[in-house]
Structure formats: structure tokens, C-alpha cells
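Participant: If you scroll down you'll find the structure; I have some questions about it.
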Amino acid sequence: MENNDRYSRQMRLSQIGEAGQKKIESLRILVLGCGALGSAGAETLARMGVGFLRLVDRDSVEFSNLPRQHLFKEADAEFKFPKVIAAAKALSEINSRVKTETHILNVDAGNIEPLLENIDAVIDGFDRVEMRYLLNDICVKKNIPWFYAGIRAARAAIMPVIPQGPCFRCVFPDVPAKNSLPTCEDIGVLGAAVATASAFQVTSLIRYFLEHPAKTFLINADLWTQDISKIQVEKEKDCPCCGKHRFEFLDEKKTSGHVE
Ligand SMILES: [Zn+2]
């Protein structure tokens, strides 16, 4: 009864319904990076009632995180709590039915594989673009959908990477040269862009499991100028990852991770 009440408005959505809600409650999601996107995504998924969240991040909460990292409070920064511990506590207070598992870990090619065990999908909360190539490799190899989102300043980019669809390398074949892209450290980040990117990211994850959409779109949204574009992306048959099954980033075993 409590369950029906809690989710009644969500289940009234024609896109979700009772069957959709049951599916949502069965989902086991890996959240890689519990910074801005990771904590926003984890919060929305917990409120929607997903069954299980595996939280991974190596860092502790800092005051500079608070403007955009949804789950954290001043006390978490004061005591420098590990992000995954602070996030799990906040999530259990939001929805005690959601099971969480925490890993304080610097993700790299050598330790990423076990994190995907018994996982239905991955929320990309990485803040370094090269880590997405590693995530893309392991998810294509294991046929697990992952949901890319990136933010720079006031701009958000979002793309689902689903089995049989175009992968991240079909669209972005190579890691950008070092220092060729400004980081959030350099140019800052608008907190509201996090909410937008996360809303697209989480909704496309849920929609994937309820509707299995066949087409893949890359969305770019600039919150400041309000320019939004939606481009259909196609599979590249010569893609080294999903086309030729060469998992160069995974095989390198030395990509070092940094998650915000
Ligand atoms: Zn590909």
C-alpha cells in the first residue's frame, strides 16, 4: 500500500504504469562517480524506486562540491566524508527500500570489470573524458547499456550507449588530445546544467528498459543560450570498439581514474 501511494503519480504516467514500476524496482544500476552527475542520477533513481545502486567514487566531500552535487550537505564537507558513504546515507533517508553498495575506489582498467557484475545499466558520472572510453570498452564487451552525460560550463551533452546501437567511439573515435578541451576546473560549471544533463540521462535509462527505443540520439543543450540540438547517430562499421571488438582502453590496464 505504502508502495502504491509513494509511486502512484509515477505509475499514472502512460509510459510507466504498474508493469513499468515493477521493472524499475527490479533494476540494478552502477553509478560510476558520485560527483555532480552521479549524485543527481542516484537521487532521481532512488526516488523513482530502483532496486539497487552500486556507488563508486574515490573522493571525499568538499565545500566546493556543494553548489552542484545534490546529495551532500555542509556537515559532509566539514567531516570530509567519503562521497559514497555520504551519498548512501542520504539515499537511505530518501528511500529506505533502495539497496546501496559503496566502493571507495579509483577506477581503472584493472578493476572496472567486477563493478559491472549483476548490473543492468551504468550511469556515467566521470569527469574525465578518457574514462568514458574505458567504460565504453567494458560495456560494449559485456553488452551492458551505459548512459553518457558530460557538462562544460553551461552546456550539457547526453547520449545513451546501448547494446547493438552506436557506441561512444562511433561518435567520438579518439580521446581528445591532452589540454585540447577545457575542464570544469578551467571554465567552471553551471549547477543547473547538471540537473538538465541528469534528467536526460536518467530518463533515457528508464525509457531504455521500458520501451527499448531503436534509434540513438546525441543531445546538446546550452542552458545559458537555450540552444538545444538532437542529432541521430549511427553505428560505424569500422569502429574499433563495437565494430572490430578491439578493447584498447580496457586492454591497456593502466588508464588511471579520477571521478569528481
Ligand atoms: Zn562503436
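Chain lettering (A, B, ...) mirrors the order of the C-alpha cells, residue numbering begins at 1 for each chain separately, and ligand numbering begins at 1 in order of display.
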Using only C-alpha atoms and all ligand atoms, what does the table of chain A residues within 9 Å of ligand 1 look like, with each row giving the shortest atom pair and its distance in Å to one decimal, sorted by chain and ascending number, as a Markdown table?
Facilitator:
| residue | atom | partner | partner_atom_place_in_ligand_line | distance |
| --- | --- | --- | --- | --- |
| A:Asn136 | CA | ligand 1 | 1 (Zn) | 8.7 |
| A:Val140 | CA | ligand 1 | 1 (Zn) | 8.3 |
| A:Gly165 | CA | ligand 1 | 1 (Zn) | 7.9 |
| A:Pro166 | CA | ligand 1 | 1 (Zn) | 5.1 |
| A:Cys167 | CA | ligand 1 | 1 (Zn) | 3.9 |
| A:Phe168 | CA | ligand 1 | 1 (Zn) | 6.0 |
| A:Arg169 | CA | ligand 1 | 1 (Zn) | 4.8 |
| A:Cys170 | CA | ligand 1 | 1 (Zn) | 3.9 |
| A:Val171 | CA | ligand 1 | 1 (Zn) | 7.4 |
| A:Phe172 | CA | ligand 1 | 1 (Zn) | 8.9 |
| A:Pro173 | CA | ligand 1 | 1 (Zn) | 8.0 |
| A:Glu234 | CA | ligand 1 | 1 (Zn) | 8.9 |
| A:Lys235 | CA | ligand 1 | 1 (Zn) | 6.0 |
| A:Glu236 | CA | ligand 1 | 1 (Zn) | 5.9 |
| A:Lys237 | CA | ligand 1 | 1 (Zn) | 7.5 |
| A:Asp238 | CA | ligand 1 | 1 (Zn) | 7.8 |
| A:Cys239 | CA | ligand 1 | 1 (Zn) | 4.6 |
| A:Pro240 | CA | ligand 1 | 1 (Zn) | 6.7 |
| A:Cys241 | CA | ligand 1 | 1 (Zn) | 5.2 |
| A:Cys242 | CA | ligand 1 | 1 (Zn) | 4.1 |
| A:Gly243 | CA | ligand 1 | 1 (Zn) | 5.8 |
| A:Lys244 | CA | ligand 1 | 1 (Zn) | 8.6 |
| A:His245 | CA | ligand 1 | 1 (Zn) | 8.9 |
Participant: With only C-alpha atoms as the counted atoms, please give the residues lying no more than 12 Å from Ile162 in chain A, apart from itself and same-chain residues fewer than 6 positions off, as a list in words.
Facilitator: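 Residues meeting the cut-off are Asp120, Ala121, Val122, Asn136, Cys139, Val140, Lys141, Lys142, Asn143, Ile144, Pro145, Trp146, Phe147, Tyr148, Phe168, Ser204, Leu205, Arg207, Tyr208, Phe209, His212, Pro213, Ala214, Lys215, Thr216, Phe217, Glu234, Lys235 and Cys242 of chain A.
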Participant: Write the residues you've just listed into a file as a PDB file, in the first residue's frame, and include N, CA and C atoms for each of them.
Facilitator:
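The new file result-v8.pdb reads:
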ATOM      1  N   ASP A 120      22.492  -3.930 -14.461  1.00  0.00           N
ATOM      2  CA  ASP A 120      21.679  -3.793 -15.677  1.00  0.00           C
ATOM      3  C   ASP A 120      22.115  -2.615 -16.541  1.00  0.00           C
ATOM      4  N   ALA A 121      22.621  -1.547 -15.920  1.00  0.00           N
ATOM      5  CA  ALA A 121      22.993  -0.354 -16.683  1.00  0.00           C
ATOM      6  C   ALA A 121      23.914   0.518 -15.830  1.00  0.00           C
ATOM      7  N   VAL A 122      24.628   1.429 -16.524  1.00  0.00           N
ATOM      8  CA  VAL A 122      25.611   2.277 -15.838  1.00  0.00           C
ATOM      9  C   VAL A 122      25.290   3.749 -16.081  1.00  0.00           C
ATOM     10  N   ASN A 136      33.178   2.621 -22.084  1.00  0.00           N
ATOM     11  CA  ASN A 136      32.600   2.172 -23.356  1.00  0.00           C
ATOM     12  C   ASN A 136      33.115   0.773 -23.720  1.00  0.00           C
ATOM     13  N   CYS A 139      31.537  -1.921 -21.381  1.00  0.00           N
ATOM     14  CA  CYS A 139      30.086  -2.085 -21.573  1.00  0.00           C
ATOM     15  C   CYS A 139      29.768  -2.723 -22.929  1.00  0.00           C
ATOM     16  N   VAL A 140      30.523  -2.351 -23.972  1.00  0.00           N
ATOM     17  CA  VAL A 140      30.307  -2.990 -25.278  1.00  0.00           C
ATOM     18  C   VAL A 140      30.689  -4.469 -25.166  1.00  0.00           C
ATOM     19  N   LYS A 141      31.812  -4.740 -24.505  1.00  0.00           N
ATOM     20  CA  LYS A 141      32.268  -6.126 -24.348  1.00  0.00           C
ATOM     21  C   LYS A 141      31.222  -6.970 -23.614  1.00  0.00           C
ATOM     22  N   LYS A 142      30.611  -6.402 -22.591  1.00  0.00           N
ATOM     23  CA  LYS A 142      29.676  -7.170 -21.763  1.00  0.00           C
ATOM     24  C   LYS A 142      28.200  -6.929 -22.124  1.00  0.00           C
ATOM     25  N   ASN A 143      27.952  -6.174 -23.213  1.00  0.00           N
ATOM     26  CA  ASN A 143      26.561  -5.910 -23.632  1.00  0.00           C
ATOM     27  C   ASN A 143      25.718  -5.249 -22.553  1.00  0.00           C
ATOM     28  N   ILE A 144      26.296  -4.275 -21.877  1.00  0.00           N
ATOM     29  CA  ILE A 144      25.562  -3.561 -20.823  1.00  0.00           C
ATOM     30  C   ILE A 144      25.361  -2.111 -21.277  1.00  0.00           C
ATOM     31  N   PRO A 145      24.131  -1.593 -21.237  1.00  0.00           N
ATOM     32  CA  PRO A 145      23.926  -0.204 -21.645  1.00  0.00           C
ATOM     33  C   PRO A 145      24.553   0.779 -20.650  1.00  0.00           C
ATOM     34  N   TRP A 146      25.115   1.858 -21.188  1.00  0.00           N
ATOM     35  CA  TRP A 146      25.596   2.928 -20.297  1.00  0.00           C
ATOM     36  C   TRP A 146      25.119   4.264 -20.853  1.00  0.00           C
ATOM     37  N   PHE A 147      25.031   5.227 -19.979  1.00  0.00           N
ATOM     38  CA  PHE A 147      24.370   6.482 -20.328  1.00  0.00           C
ATOM     39  C   PHE A 147      25.343   7.624 -20.097  1.00  0.00           C
ATOM     40  N   TYR A 148      25.837   8.145 -21.247  1.00  0.00           N
ATOM     41  CA  TYR A 148      26.838   9.210 -21.224  1.00  0.00           C
ATOM     42  C   TYR A 148      26.178  10.550 -20.927  1.00  0.00           C
ATOM     43  N   PHE A 168      30.111   4.863 -28.009  1.00  0.00           N
ATOM     44  CA  PHE A 168      30.714   6.184 -27.800  1.00  0.00           C
ATOM     45  C   PHE A 168      31.790   6.470 -28.863  1.00  0.00           C
ATOM     46  N   SER A 204      16.528   8.621 -20.108  1.00  0.00           N
ATOM     47  CA  SER A 204      16.821   7.710 -21.219  1.00  0.00           C
ATOM     48  C   SER A 204      17.164   6.321 -20.701  1.00  0.00           C
ATOM     49  N   LEU A 205      17.720   6.234 -19.505  1.00  0.00           N
ATOM     50  CA  LEU A 205      17.976   4.912 -18.901  1.00  0.00           C
ATOM     51  C   LEU A 205      16.652   4.193 -18.626  1.00  0.00           C
ATOM     52  N   ARG A 207      13.696   4.805 -19.866  1.00  0.00           N
ATOM     53  CA  ARG A 207      12.980   4.560 -21.118  1.00  0.00           C
ATOM     54  C   ARG A 207      13.559   3.346 -21.856  1.00  0.00           C
ATOM     55  N   TYR A 208      14.873   3.214 -21.796  1.00  0.00           N
ATOM     56  CA  TYR A 208      15.503   2.064 -22.468  1.00  0.00           C
ATOM     57  C   TYR A 208      14.900   0.750 -21.968  1.00  0.00           C
ATOM     58  N   PHE A 209      14.708   0.638 -20.661  1.00  0.00           N
ATOM     59  CA  PHE A 209      14.212  -0.626 -20.110  1.00  0.00           C
ATOM     60  C   PHE A 209      12.707  -0.807 -20.325  1.00  0.00           C
ATOM     61  N   HIS A 212      12.718   0.067 -25.052  1.00  0.00           N
ATOM     62  CA  HIS A 212      13.800  -0.354 -25.958  1.00  0.00           C
ATOM     63  C   HIS A 212      13.820   0.455 -27.257  1.00  0.00           C
ATOM     64  N   PRO A 213      13.964   1.777 -27.181  1.00  0.00           N
ATOM     65  CA  PRO A 213      13.986   2.575 -28.413  1.00  0.00           C
ATOM     66  C   PRO A 213      15.142   2.139 -29.320  1.00  0.00           C
ATOM     67  N   ALA A 214      14.865   2.128 -30.629  1.00  0.00           N
ATOM     68  CA  ALA A 214      15.857   1.591 -31.568  1.00  0.00           C
ATOM     69  C   ALA A 214      16.886   2.635 -31.985  1.00  0.00           C
ATOM     70  N   LYS A 215      16.485   3.898 -32.002  1.00  0.00           N
ATOM     71  CA  LYS A 215      17.397   4.926 -32.511  1.00  0.00           C
ATOM     72  C   LYS A 215      18.171   5.579 -31.371  1.00  0.00           C
ATOM     73  N   THR A 216      19.374   6.044 -31.698  1.00  0.00           N
ATOM     74  CA  THR A 216      20.205   6.717 -30.693  1.00  0.00           C
ATOM     75  C   THR A 216      20.394   8.173 -31.092  1.00  0.00           C
ATOM     76  N   PHE A 217      20.203   9.045 -30.132  1.00  0.00           N
ATOM     77  CA  PHE A 217      20.380  10.471 -30.384  1.00  0.00           C
ATOM     78  C   PHE A 217      21.420  11.066 -29.430  1.00  0.00           C
ATOM     79  N   GLU A 234      24.651   7.113 -35.878  1.00  0.00           N
ATOM     80  CA  GLU A 234      24.620   5.775 -36.483  1.00  0.00           C
ATOM     81  C   GLU A 234      25.862   4.993 -36.090  1.00  0.00           C
ATOM     82  N   LYS A 235      25.743   3.688 -36.209  1.00  0.00           N
ATOM     83  CA  LYS A 235      26.854   2.797 -35.935  1.00  0.00           C
ATOM     84  C   LYS A 235      27.897   2.905 -37.055  1.00  0.00           C
ATOM     85  N   CYS A 242      32.957  -1.293 -31.102  1.00  0.00           N
ATOM     86  CA  CYS A 242      31.769  -2.138 -31.337  1.00  0.00           C
ATOM     87  C   CYS A 242      31.829  -2.839 -32.684  1.00  0.00           C
TER      88      CYS A 242
END
Participant: Considering only C-alpha atoms, can you say which of A:Ser14, A:Ser8, A:Thr44, A:Thr100 comes closest to Thr203 in chain A?
Facilitator: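 Once distances to Thr203 in chain A are computed over only C-alpha atoms, the minimum belongs to A:Thr44.
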Participant: Just list the residues in range 118-185 of chain A DSSP gives strand (DSSP E) on the backbone, as a ChimeraX atom specification.
Facilitator: /A:121-124,146-152,155-161
Participant: Between A:Cys34, A:Val84, A:Leu134, A:Ile112, which one has atoms that come closest to Phe247 in chain A, using only C-alpha atoms?
Facilitator: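 Comparing A:Cys34, A:Val84, A:Leu134, A:Ile112 against Phe247 in chain A, the winner is A:Leu134.
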